[in-house]
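Containing PDB, C-alpha atoms: target23.pdb.
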```pdb
ATOM      1  CA  MET A 300     -10.134  -5.595  18.386
ATOM      2  CA  LYS A 301     -11.983  -8.106  16.211
ATOM      3  CA  ILE A 302     -10.279 -11.415  15.390
ATOM      4  CA  GLY A 303     -11.035 -12.583  11.840
ATOM      5  CA  TYR A 304     -11.787 -16.090  10.595
ATOM      6  CA  ARG A 305      -8.446 -16.293   8.794
ATOM      7  CA  THR A 306      -6.559 -15.564  12.033
ATOM      8  CA  ILE A 307      -8.534 -18.204  13.915
ATOM      9  CA  LYS A 308      -7.980 -20.813  11.187
ATOM     10  CA  THR A 309      -4.254 -20.041  11.091
ATOM     11  CA  ALA A 310      -4.046 -20.384  14.881
ATOM     12  CA  ILE A 311      -5.796 -23.768  14.694
ATOM     13  CA  GLY A 312      -4.186 -25.159  11.538
ATOM     14  CA  THR A 313      -0.547 -24.363  12.313
ATOM     15  CA  PRO A 314      -0.243 -26.446  15.514
ATOM     16  CA  ILE A 315      -2.264 -29.257  13.920
ATOM     17  CA  SER A 316       0.160 -29.574  10.996
ATOM     18  CA  ILE A 317       3.161 -29.460  13.359
ATOM     19  CA  VAL A 318       1.653 -32.156  15.595
ATOM     20  CA  ILE A 319       1.002 -34.379  12.561
ATOM     21  CA  ALA A 320       4.548 -33.866  11.295
ATOM     22  CA  GLN A 321       5.947 -34.687  14.729
ATOM     23  CA  ALA A 322       3.771 -37.777  15.017
ATOM     24  CA  LEU A 323       5.150 -38.986  11.689
ATOM     25  CA  GLY A 324       8.690 -38.555  13.039
ATOM     26  CA  LEU A 325       9.674 -35.949  10.440
ATOM     27  CA  THR A 326      12.708 -33.742  10.907
ATOM     28  CA  ASN A 327      12.203 -29.980  10.506
ATOM     29  CA  PHE A 328       8.568 -30.520  11.433
ATOM     30  CA  THR A 329       8.099 -26.774  12.042
ATOM     31  CA  SER A 330       8.286 -26.298   8.268
ATOM     32  CA  ALA A 331       4.849 -27.926   8.046
ATOM     33  CA  GLY A 332       3.470 -25.119  10.216
ATOM     34  CA  ILE A 333       5.047 -22.484   7.962
ATOM     35  CA  LEU A 334       3.467 -24.101   4.909
ATOM     36  CA  THR A 335       0.064 -24.125   6.612
ATOM     37  CA  ILE A 336       0.322 -20.424   7.486
ATOM     38  CA  LEU A 337       1.178 -19.536   3.891
ATOM     39  CA  THR A 338      -1.588 -21.732   2.423
ATOM     40  CA  ILE A 339      -4.515 -20.254   4.385
ATOM     41  CA  LYS A 340      -5.935 -17.440   2.252
ATOM     42  CA  PRO A 341      -9.094 -15.260   2.317
ATOM     43  CA  SER A 342     -10.940 -17.590  -0.094
ATOM     44  CA  ARG A 343     -10.968 -21.264  -1.096
ATOM     45  CA  LYS A 344      -9.904 -20.471  -4.648
ATOM     46  CA  GLN A 345      -6.908 -18.451  -3.464
ATOM     47  CA  SER A 346      -5.945 -21.293  -1.106
ATOM     48  CA  VAL A 347      -6.074 -23.878  -3.902
ATOM     49  CA  ILE A 348      -3.980 -21.685  -6.210
ATOM     50  CA  SER A 349      -1.544 -20.934  -3.396
ATOM     51  CA  ALA A 350      -1.258 -24.646  -2.559
ATOM     52  CA  TRP A 351      -0.508 -25.527  -6.181
ATOM     53  CA  HIS A 352       2.146 -22.801  -6.469
ATOM     54  CA  ARG A 353       3.871 -23.902  -3.275
ATOM     55  CA  LEU A 354       3.647 -27.620  -4.014
ATOM     56  CA  LEU A 355       5.197 -27.299  -7.476
ATOM     57  CA  ALA A 356       7.824 -24.805  -6.313
ATOM     58  CA  CYS A 357       8.811 -27.050  -3.382
ATOM     59  CA  ILE A 358       9.169 -30.086  -5.657
ATOM     60  CA  VAL A 359      11.387 -28.098  -8.053
ATOM     61  CA  ALA A 360      13.391 -26.754  -5.100
ATOM     62  CA  SER A 361      13.958 -30.264  -3.707
ATOM     63  CA  ILE A 362      15.162 -31.615  -7.063
ATOM     64  CA  LEU A 363      17.510 -28.676  -7.742
ATOM     65  CA  SER A 364      18.834 -28.757  -4.162
ATOM     66  CA  TYR A 365      19.728 -32.421  -4.529
ATOM     67  CA  LEU A 366      21.459 -31.872  -7.871
ATOM     68  CA  PHE A 367      23.433 -28.775  -6.865
ATOM     69  CA  PHE A 368      24.384 -29.716  -3.299
ATOM     70  CA  GLU A 369      25.158 -33.387  -3.927
ATOM     71  CA  PHE A 370      27.038 -32.977  -7.218
ATOM     72  CA  ILE A 371      28.708 -29.574  -6.696
ATOM     73  CA  GLY A 372      28.937 -29.119  -2.937
ATOM     74  CA  TYR A 373      27.490 -27.640   0.231
ATOM     75  CA  HIS A 374      28.868 -24.127  -0.034
ATOM     76  CA  PRO A 375      27.246 -20.665   0.145
ATOM     77  CA  VAL A 376      28.407 -19.992  -3.423
ATOM     78  CA  VAL A 377      26.640 -23.141  -4.637
ATOM     79  CA  LEU A 378      23.516 -22.050  -2.740
ATOM     80  CA  GLY A 379      23.623 -18.728  -4.594
ATOM     81  CA  LEU A 380      24.098 -20.477  -7.952
ATOM     82  CA  MET A 381      21.209 -22.800  -7.227
ATOM     83  CA  LEU A 382      18.923 -19.841  -6.441
ATOM     84  CA  MET A 383      19.999 -18.176  -9.699
ATOM     85  CA  VAL A 384      18.579 -21.205 -11.503
ATOM     86  CA  PHE A 385      15.633 -21.896  -9.209
ATOM     87  CA  ILE A 386      14.040 -18.426  -9.260
ATOM     88  CA  PRO A 387      13.921 -18.114 -13.091
ATOM     89  CA  VAL A 388      12.445 -21.626 -13.270
ATOM     90  CA  THR A 389       9.608 -20.631 -10.889
ATOM     91  CA  VAL A 390       8.987 -17.514 -12.991
ATOM     92  CA  TRP A 391       8.828 -19.691 -16.137
ATOM     93  CA  LEU A 392       6.412 -22.093 -14.409
ATOM     94  CA  LYS A 393       4.391 -19.100 -13.089
ATOM     95  CA  VAL A 394       4.644 -20.255  -9.473
ATOM     96  CA  THR A 395       6.628 -17.347  -8.021
ATOM     97  CA  PRO A 396       4.403 -17.144  -4.875
ATOM     98  CA  GLY A 397       6.007 -20.462  -3.883
ATOM     99  CA  ILE A 398       9.543 -19.018  -3.729
ATOM    100  CA  ILE A 399       9.355 -18.083  -0.035
ATOM    101  CA  THR A 400       7.983 -21.478   0.966
ATOM    102  CA  SER A 401      10.563 -23.285  -1.148
ATOM    103  CA  SER A 402      13.349 -21.297   0.467
ATOM    104  CA  VAL A 403      12.504 -23.046   3.750
ATOM    105  CA  ILE A 404      12.895 -26.451   2.069
ATOM    106  CA  ILE A 405      16.138 -25.376   0.348
ATOM    107  CA  LEU A 406      17.708 -24.201   3.596
ATOM    108  CA  ASN A 407      16.567 -27.365   5.374
ATOM    109  CA  LEU A 408      18.345 -29.496   2.775
ATOM    110  CA  TYR A 409      21.411 -27.246   2.697
ATOM    111  CA  SER A 410      21.874 -27.494   6.465
ATOM    112  CA  THR A 411      22.082 -31.326   6.349
ATOM    113  CA  ASN A 412      25.367 -31.562   4.406
ATOM    114  CA  GLY A 413      23.964 -34.702   2.825
ATOM    115  CA  ILE A 414      20.665 -35.513   1.136
ATOM    116  CA  PRO A 415      19.688 -39.190   1.234
ATOM    117  CA  VAL A 416      16.531 -40.272  -0.574
ATOM    118  CA  SER A 417      14.802 -40.763   2.775
ATOM    119  CA  LEU A 418      15.331 -37.072   3.585
ATOM    120  CA  LEU A 419      13.870 -36.040   0.255
ATOM    121  CA  LEU A 420      10.866 -38.225   1.019
ATOM    122  CA  GLN A 421      10.518 -36.582   4.429
ATOM    123  CA  GLN A 422      10.560 -33.121   2.855
ATOM    124  CA  PHE A 423       7.868 -34.196   0.428
ATOM    125  CA  ILE A 424       5.700 -35.489   3.290
ATOM    126  CA  ILE A 425       6.219 -32.208   5.174
ATOM    127  CA  ILE A 426       5.003 -30.355   2.079
ATOM    128  CA  LEU A 427       1.900 -32.532   1.860
ATOM    129  CA  VAL A 428       1.134 -32.224   5.577
ATOM    130  CA  GLY A 429       1.583 -28.444   5.687
ATOM    131  CA  ILE A 430      -0.278 -27.636   2.475
ATOM    132  CA  GLY A 431      -2.933 -30.323   3.010
ATOM    133  CA  THR A 432      -3.743 -29.097   6.518
ATOM    134  CA  GLY A 433      -4.049 -25.533   5.264
ATOM    135  CA  LEU A 434      -6.428 -26.607   2.498
ATOM    136  CA  LEU A 435      -8.599 -28.673   4.844
ATOM    137  CA  ILE A 436      -8.803 -25.904   7.447
ATOM    138  CA  ASN A 437      -9.714 -23.410   4.741
ATOM    139  CA  LEU A 438     -12.655 -25.490   3.519
ATOM    140  CA  TYR A 439     -14.787 -23.677   6.072
ATOM    141  CA  MET A 440     -15.677 -20.198   4.888
ATOM    142  CA  PRO A 441     -18.269 -17.893   6.456
ATOM    143  CA  GLY A 442     -21.247 -16.995   4.287
ATOM    144  CA  TYR A 443     -21.596 -13.358   3.233
ATOM    145  CA  ASP A 444     -25.272 -13.376   2.242
ATOM    146  CA  GLN A 445     -26.398 -11.667   5.438
ATOM    147  CA  LYS A 446     -23.777  -8.919   5.139
ATOM    148  CA  LEU A 447     -24.584  -8.387   1.469
ATOM    149  CA  LYS A 448     -28.291  -8.186   2.265
ATOM    150  CA  GLN A 449     -27.594  -5.504   4.877
ATOM    151  CA  ILE A 450     -25.500  -3.541   2.384
ATOM    152  CA  GLN A 451     -28.303  -3.866  -0.161
ATOM    153  CA  MET A 452     -30.843  -2.412   2.279
ATOM    154  CA  LYS A 453     -28.548   0.504   3.231
ATOM    155  CA  LEU A 454     -27.785   1.194  -0.409
ATOM    156  CA  GLU A 455     -31.449   1.273  -1.391
ATOM    157  CA  HIS A 456     -32.171   3.624   1.514
ATOM    158  CA  ASN A 457     -29.458   5.967   0.217
ATOM    159  CA  PHE A 458     -30.821   5.822  -3.315
ATOM    160  CA  ARG A 459     -34.285   6.712  -2.020
ATOM    161  CA  MET A 460     -32.837   9.682  -0.144
ATOM    162  CA  VAL A 461     -30.924  10.948  -3.199
ATOM    163  CA  LEU A 462     -33.986  10.728  -5.452
ATOM    164  CA  THR A 463     -36.141  12.394  -2.779
ATOM    165  CA  GLU A 464     -33.643  15.249  -2.395
ATOM    166  CA  ILE A 465     -33.625  15.771  -6.168
ATOM    167  CA  ALA A 466     -37.429  15.997  -6.072
ATOM    168  CA  LEU A 467     -37.319  18.522  -3.209
ATOM    169  CA  TYR A 468     -34.809  20.671  -5.052
ATOM    170  CA  LEU A 469     -36.894  20.594  -8.232
ATOM    171  CA  ARG A 470     -39.993  21.592  -6.293
ATOM    172  CA  ASN A 471     -38.805  24.279  -3.863
ATOM    173  CA  ASN A 472     -35.058  24.760  -4.390
ATOM    174  CA  ASN A 473     -34.218  22.950  -1.140
ATOM    175  CA  THR A 474     -30.419  23.252  -0.601
ATOM    176  CA  VAL A 475     -30.066  21.793   2.930
ATOM    177  CA  TRP A 476     -28.882  18.357   1.734
ATOM    178  CA  ASP A 477     -25.129  17.707   2.082
ATOM    179  CA  GLY A 478     -24.935  14.750  -0.347
ATOM    180  CA  LYS A 479     -23.636  12.317   2.257
ATOM    181  CA  GLU A 480     -25.725   9.463   0.796
ATOM    182  CA  ILE A 481     -23.676   9.617  -2.403
ATOM    183  CA  ARG A 482     -20.419   9.175  -0.483
ATOM    184  CA  GLN A 483     -21.895   6.435   1.696
ATOM    185  CA  SER A 484     -23.159   4.603  -1.387
ATOM    186  CA  GLU A 485     -19.687   4.662  -2.939
ATOM    187  CA  GLU A 486     -18.230   3.102   0.216
ATOM    188  CA  LEU A 487     -21.008   0.498   0.408
ATOM    189  CA  LEU A 488     -20.489  -0.517  -3.215
ATOM    190  CA  GLU A 489     -16.738  -0.874  -2.704
ATOM    191  CA  GLN A 490     -17.348  -3.073   0.348
ATOM    192  CA  ALA A 491     -19.978  -5.134  -1.475
ATOM    193  CA  THR A 492     -17.703  -5.658  -4.485
ATOM    194  CA  ARG A 493     -14.942  -7.042  -2.251
ATOM    195  CA  LEU A 494     -17.326  -9.379  -0.415
ATOM    196  CA  VAL A 495     -18.922 -10.634  -3.645
ATOM    197  CA  GLU A 496     -15.511 -11.388  -5.147
ATOM    198  CA  ILE A 497     -14.419 -13.337  -2.055
ATOM    199  CA  ASP A 498     -17.736 -15.196  -1.921
ATOM    200  CA  ARG A 499     -17.450 -16.102  -5.619
ATOM    201  CA  GLU A 500     -13.960 -17.499  -5.011
ATOM    202  CA  ASN A 501     -15.293 -19.620  -2.157
ATOM    203  CA  HIS A 502     -17.442 -21.551  -4.651
ATOM    204  CA  LEU A 503     -14.886 -23.255  -6.861
ATOM    205  CA  LEU A 504     -17.397 -24.783  -9.277
ATOM    206  CA  ARG A 505     -19.709 -21.766  -9.556
ATOM    207  CA  SER A 506     -18.834 -18.619 -11.490
ATOM    208  CA  GLN A 507     -22.146 -16.778 -11.014
ATOM    209  CA  HIS A 508     -23.164 -14.947  -7.854
ATOM    210  CA  THR A 509     -26.600 -13.849  -6.636
ATOM    211  CA  TYR A 510     -25.513 -10.303  -5.804
ATOM    212  CA  TYR A 511     -22.896  -9.686  -8.505
ATOM    213  CA  ASP A 512     -25.296  -8.344 -11.141
ATOM    214  CA  TYR A 513     -27.270  -6.390  -8.539
ATOM    215  CA  PHE A 514     -24.343  -4.364  -7.206
ATOM    216  CA  TYR A 515     -22.942  -3.917 -10.716
ATOM    217  CA  MET A 516     -26.311  -2.429 -11.713
ATOM    218  CA  ARG A 517     -26.404  -0.118  -8.682
ATOM    219  CA  ASN A 518     -22.856   1.048  -9.382
ATOM    220  CA  LYS A 519     -23.859   2.101 -12.900
ATOM    221  CA  GLN A 520     -26.958   3.832 -11.557
ATOM    222  CA  LEU A 521     -24.909   5.705  -8.966
ATOM    223  CA  ASP A 522     -22.757   7.152 -11.762
ATOM    224  CA  LEU A 523     -25.906   8.518 -13.380
ATOM    225  CA  LEU A 524     -27.181   9.955 -10.088
ATOM    226  CA  ARG A 525     -23.901  11.850  -9.769
ATOM    227  CA  ARG A 526     -24.390  13.243 -13.262
ATOM    228  CA  MET A 527     -27.958  14.332 -12.465
ATOM    229  CA  LEU A 528     -27.045  16.482  -9.468
ATOM    230  CA  PRO A 529     -25.206  19.264 -11.387
ATOM    231  CA  LEU A 530     -28.108  19.445 -13.852
ATOM    232  CA  VAL A 531     -30.619  19.947 -11.032
ATOM    233  CA  THR A 532     -28.562  22.683  -9.367
ATOM    234  CA  LYS A 533     -28.250  24.592 -12.662
ATOM    235  CA  LEU A 534     -32.007  25.128 -12.999
ATOM    236  CA  PRO A 535     -32.474  28.937 -12.821
ATOM    237  CA  ASN A 536     -36.247  28.778 -12.221
ATOM    238  CA  ARG A 537     -39.164  26.415 -11.785
ATOM    239  CA  ASP A 538     -42.053  25.756 -14.146
ATOM    240  CA  GLU A 539     -44.931  23.291 -14.468
ATOM    241  CA  ILE A 540     -42.780  20.640 -16.183
ATOM    242  CA  SER A 541     -40.125  20.745 -13.446
ATOM    243  CA  LEU A 542     -42.855  20.188 -10.828
ATOM    244  CA  LYS A 543     -44.144  17.161 -12.740
ATOM    245  CA  ILE A 544     -40.599  15.810 -12.960
ATOM    246  CA  ALA A 545     -40.323  16.332  -9.184
ATOM    247  CA  ASP A 546     -43.449  14.172  -8.733
ATOM    248  CA  PHE A 547     -41.841  11.569 -10.990
ATOM    249  CA  PHE A 548     -38.673  11.481  -8.871
ATOM    250  CA  GLU A 549     -40.738  11.101  -5.697
ATOM    251  CA  GLY A 550     -42.557   8.122  -7.181
ATOM    252  CA  LEU A 551     -39.248   6.645  -8.284
ATOM    253  CA  ALA A 552     -37.800   7.121  -4.777
ATOM    254  CA  ASP A 553     -40.732   5.212  -3.260
ATOM    255  CA  SER A 554     -40.047   2.295  -5.608
ATOM    256  CA  VAL A 555     -36.350   1.630  -4.976
ATOM    257  CA  HIS A 556     -36.215  -2.126  -4.313
ATOM    258  CA  PRO A 557     -34.538  -5.273  -5.704
ATOM    259  CA  GLU A 558     -37.492  -6.037  -8.010
ATOM    260  CA  ASN A 559     -37.503  -4.768 -11.575
ATOM    261  CA  THR A 560     -40.387  -2.362 -12.215
ATOM    262  CA  ALA A 561     -38.437  -0.044 -14.492
ATOM    263  CA  ILE A 562     -40.856  -0.532 -17.386
ATOM    264  CA  VAL A 563     -43.611   1.220 -15.399
ATOM    265  CA  PHE A 564     -41.479   4.324 -14.935
ATOM    266  CA  LEU A 565     -40.221   4.238 -18.507
ATOM    267  CA  GLU A 566     -43.858   4.473 -19.608
ATOM    268  CA  GLN A 567     -44.385   7.431 -17.276
ATOM    269  CA  LEU A 568     -41.211   9.014 -18.566
ATOM    270  CA  LYS A 569     -42.463   8.728 -22.139
ATOM    271  CA  GLU A 570     -45.640  10.564 -21.126
ATOM    272  CA  LEU A 571     -43.538  13.262 -19.473
ATOM    273  CA  ARG A 572     -41.477  13.643 -22.620
ATOM    274  CA  ASP A 573     -44.617  14.005 -24.722
ATOM    275  CA  GLU A 574     -45.835  16.792 -22.412
ATOM    276  CA  PHE A 575     -42.413  18.356 -22.570
ATOM    277  CA  HIS A 576     -42.501  18.510 -26.370
ATOM    278  CA  ASN A 577     -46.032  19.930 -26.389
ATOM    279  CA  GLU A 578     -45.076  22.872 -24.191
ATOM    280  CA  ASP A 579     -44.700  26.324 -25.732
ATOM    281  CA  LEU A 580     -41.182  27.258 -26.737
ATOM    282  CA  PRO A 581     -39.176  29.241 -24.150
ATOM    283  CA  THR A 582     -39.142  32.991 -24.615
ATOM    284  CA  THR A 583     -36.287  33.996 -22.273
ATOM    285  CA  GLN A 584     -32.749  32.792 -21.729
ATOM    286  CA  GLU A 585     -33.623  31.492 -18.244
ATOM    287  CA  GLU A 586     -36.553  29.511 -19.601
ATOM    288  CA  PHE A 587     -34.344  28.112 -22.327
ATOM    289  CA  GLU A 588     -31.652  27.023 -19.812
ATOM    290  CA  THR A 589     -34.308  25.463 -17.587
ATOM    291  CA  ARG A 590     -35.780  23.457 -20.465
ATOM    292  CA  ALA A 591     -32.350  22.369 -21.699
ATOM    293  CA  ASN A 592     -31.289  21.092 -18.268
ATOM    294  CA  LEU A 593     -34.648  19.390 -17.700
ATOM    295  CA  PHE A 594     -34.336  17.669 -21.062
ATOM    296  CA  ARG A 595     -30.843  16.414 -20.149
ATOM    297  CA  LEU A 596     -32.174  15.335 -16.755
ATOM    298  CA  LEU A 597     -34.867  13.248 -18.441
ATOM    299  CA  HIS A 598     -32.196  11.678 -20.621
ATOM    300  CA  GLU A 599     -30.105  10.714 -17.578
ATOM    301  CA  ILE A 600     -33.044   9.267 -15.668
ATOM    302  CA  GLU A 601     -33.968   7.249 -18.744
ATOM    303  CA  GLY A 602     -30.474   5.752 -18.687
ATOM    304  CA  TYR A 603     -30.929   5.046 -14.964
ATOM    305  CA  LEU A 604     -34.144   3.124 -15.664
ATOM    306  CA  ILE A 605     -32.761   1.258 -18.684
ATOM    307  CA  ILE A 606     -29.909  -0.058 -16.525
ATOM    308  CA  LYS A 607     -32.489  -1.433 -14.072
ATOM    309  CA  LYS A 608     -34.613  -2.841 -16.900
ATOM    310  CA  ARG A 609     -31.644  -4.822 -18.243
ATOM    311  CA  TYR A 610     -30.684  -6.081 -14.781
ATOM    312  CA  LYS A 611     -33.258  -8.910 -14.693
ATOM    313  CA  ASP A 612     -36.644  -9.969 -16.018
ATOM    314  CA  SER A 613     -39.473  -7.561 -15.288
ATOM    315  CA  ASP A 614     -41.463  -8.004 -12.059
ATOM    316  CA  VAL A 615     -44.252  -5.676 -13.156
ATOM    317  CA  SER A 616     -47.016  -8.301 -12.964
ATOM    318  CA  LEU A 617     -46.024  -9.099  -9.372
ATOM    319  CA  TRP A 618     -45.625  -5.421  -8.483
ATOM    320  CA  ARG A 619     -49.031  -4.480  -9.865
ATOM    321  CA  LYS A 620     -50.810  -7.417  -8.242
ATOM    322  CA  PRO A 621     -53.515  -5.994  -5.933
ATOM    323  CA  LYS A 622     -53.267  -6.767  -2.233
ATOM    324  CA  VAL A 623     -55.841  -9.200  -0.890
ATOM    325  CA  ALA A 624     -57.756  -7.815   2.067
ATOM    326  CA  LYS A 625     -57.345  -9.792   5.227
TER     327      LYS A 625
END
```

Exercise: express the given structure as structure tokens:
Amino acid sequence: MKIGYRTIKTAIGTPISIVIAQALGLTNFTSAGILTILTIKPSRKQSVISAWHRLLACIVASILSYLFFEFIGYHPVVLGLMLMVFIPVTVWLKVTPGIITSSVIILNLYSTNGIPVSLLLQQFIIILVGIGTGLLINLYMPGYDQKLKQIQMKLEHNFRMVLTEIALYLRNNNTVWDGKEIRQSEELLEQATRLVEIDRENHLLRSQHTYYDYFYMRNKQLDLLRRMLPLVTKLPNRDEISLKIADFFEGLADSVHPENTAIVFLEQLKELRDEFHNEDLPTTQEEFETRANLFRLLHEIEGYLIIKKRYKDSDVSLWRKPKVAK
């Protein structure tokens, strides 16, 4: 069983906050540990938001507890009345995640049967120690670049396989492929999307992410690959144009990489379209269905390439640069 970073940080941060609270001579020092546990989140942004919710909710809870318990009484009915006011106030302030944390503070104050100012100050220090420790511990976040790079490489391998299988089917009606790369690509994109979102939230002052646009682009392309497959399987026969399109898909499969060379293949696609239009008209129903599906296939692959073209600036000059002999 793998132990995650969040578990490790919780295990380290909780005793630290309790030790600090004890060293400061605070009563109910274990509450600091509870606050630390609740503050540590999967990302820095979530931790900061969580800390703000809990801090504000705890302050409101302390003030209301003092007013209700000191001026009305320490009775379960008064506790219920106070909660009937406190919960709507947290909803109005949009800090409802802090209700559970605040309940600890409320019950601490209720159990004292008397709330001097010094006790209120102690509760406030406990809040600062617990939340502050959680925030400091959560400053360390693992980088996800290596994982995202691995996902990128696996995803591009799958795309190459899908395009190659389409070419094989167009050329010789190969039906051995089980389509597993499509399913794997869906899972990889879901995993990548989660990691990118967490990594974005770990950079509080940066909204952009290196891989965000890349995986968004691949997700759109995967939708088009799914739409191409039924068109390919509906081809009743093969002709010269379908073989040329098969060659095109093979070339496209060999060029699946992070760089943007879509313009090269869009030029080739235009040439294919011109040949397509110069062909004699179909004379049988099968020929007509073949041409219709091939035409739709060209339309889908054009959309696939346009998505890549819009992803980033073209790298055609770099891609076409001849290799220097060593």

*asked:* If we count all atoms listed in the file and set the cut-off at 12 Å, which residues sit around A:Gly332, ignoring sequence neighbours fewer than 2 positions away in its own chain? Please answer as a PyMOL selection string.
replied: chain A and resi 309-321+327-330+334-339+400+403+425-433

*Which neighbours of stretch 556-565 of chain A fall inside 12 Å, counting only C-alpha atoms, when residues of the same chain fewer than 3 positions from it are skipped, and could you give them as an MDAnalysis selection string?*
chainID A and resid 448 451:459 509:510 512:514 516:517 544 546:553 568:572 597:598 600:619

*asked:* To test your reading of the syntax: which residues would the PyMOL selection byres ((chain A and resi 440) around 8) return for the file shown? Reply as a ChimeraX atom specification.
replied: /A:342-343,437-439,441-442,501

*Find the residue from A:Asp573, A:Glu566, A:Glu485, A:Glu369 that sits nearest to A:Pro415; use only C-alpha atoms when measuring.*
A:Glu369

*asked:* Could you tell me how far atom CA of A:Thr411 sits from atom CA of A:Ala322, in Å to one decimal place?
replied: 21.3 Å

*Compile the contact shell of A:Ser410 as a ChimeraX atom specification: residues with an atom at most 12 Å away, counting only C-alpha atoms, same-chain residues fewer than 3 positions apart removed.*
/A:326-327,364,368,372-375,378,403-407,413-414,418

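Distances to A:Lys543 were evaluated for A:Ile307, A:Val475, A:Leu593, A:Ile348 using only C-alpha atoms, and the minimum falls at A:Leu593.
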
*Please write the residues picked by the PyMOL selection byres ((chain A and resi 541) around 12) on this file as a PyMOL selection string.*
chain A and resi 465-472+531+534-540+542-548+571-572+574-575+586+589-594+596-597
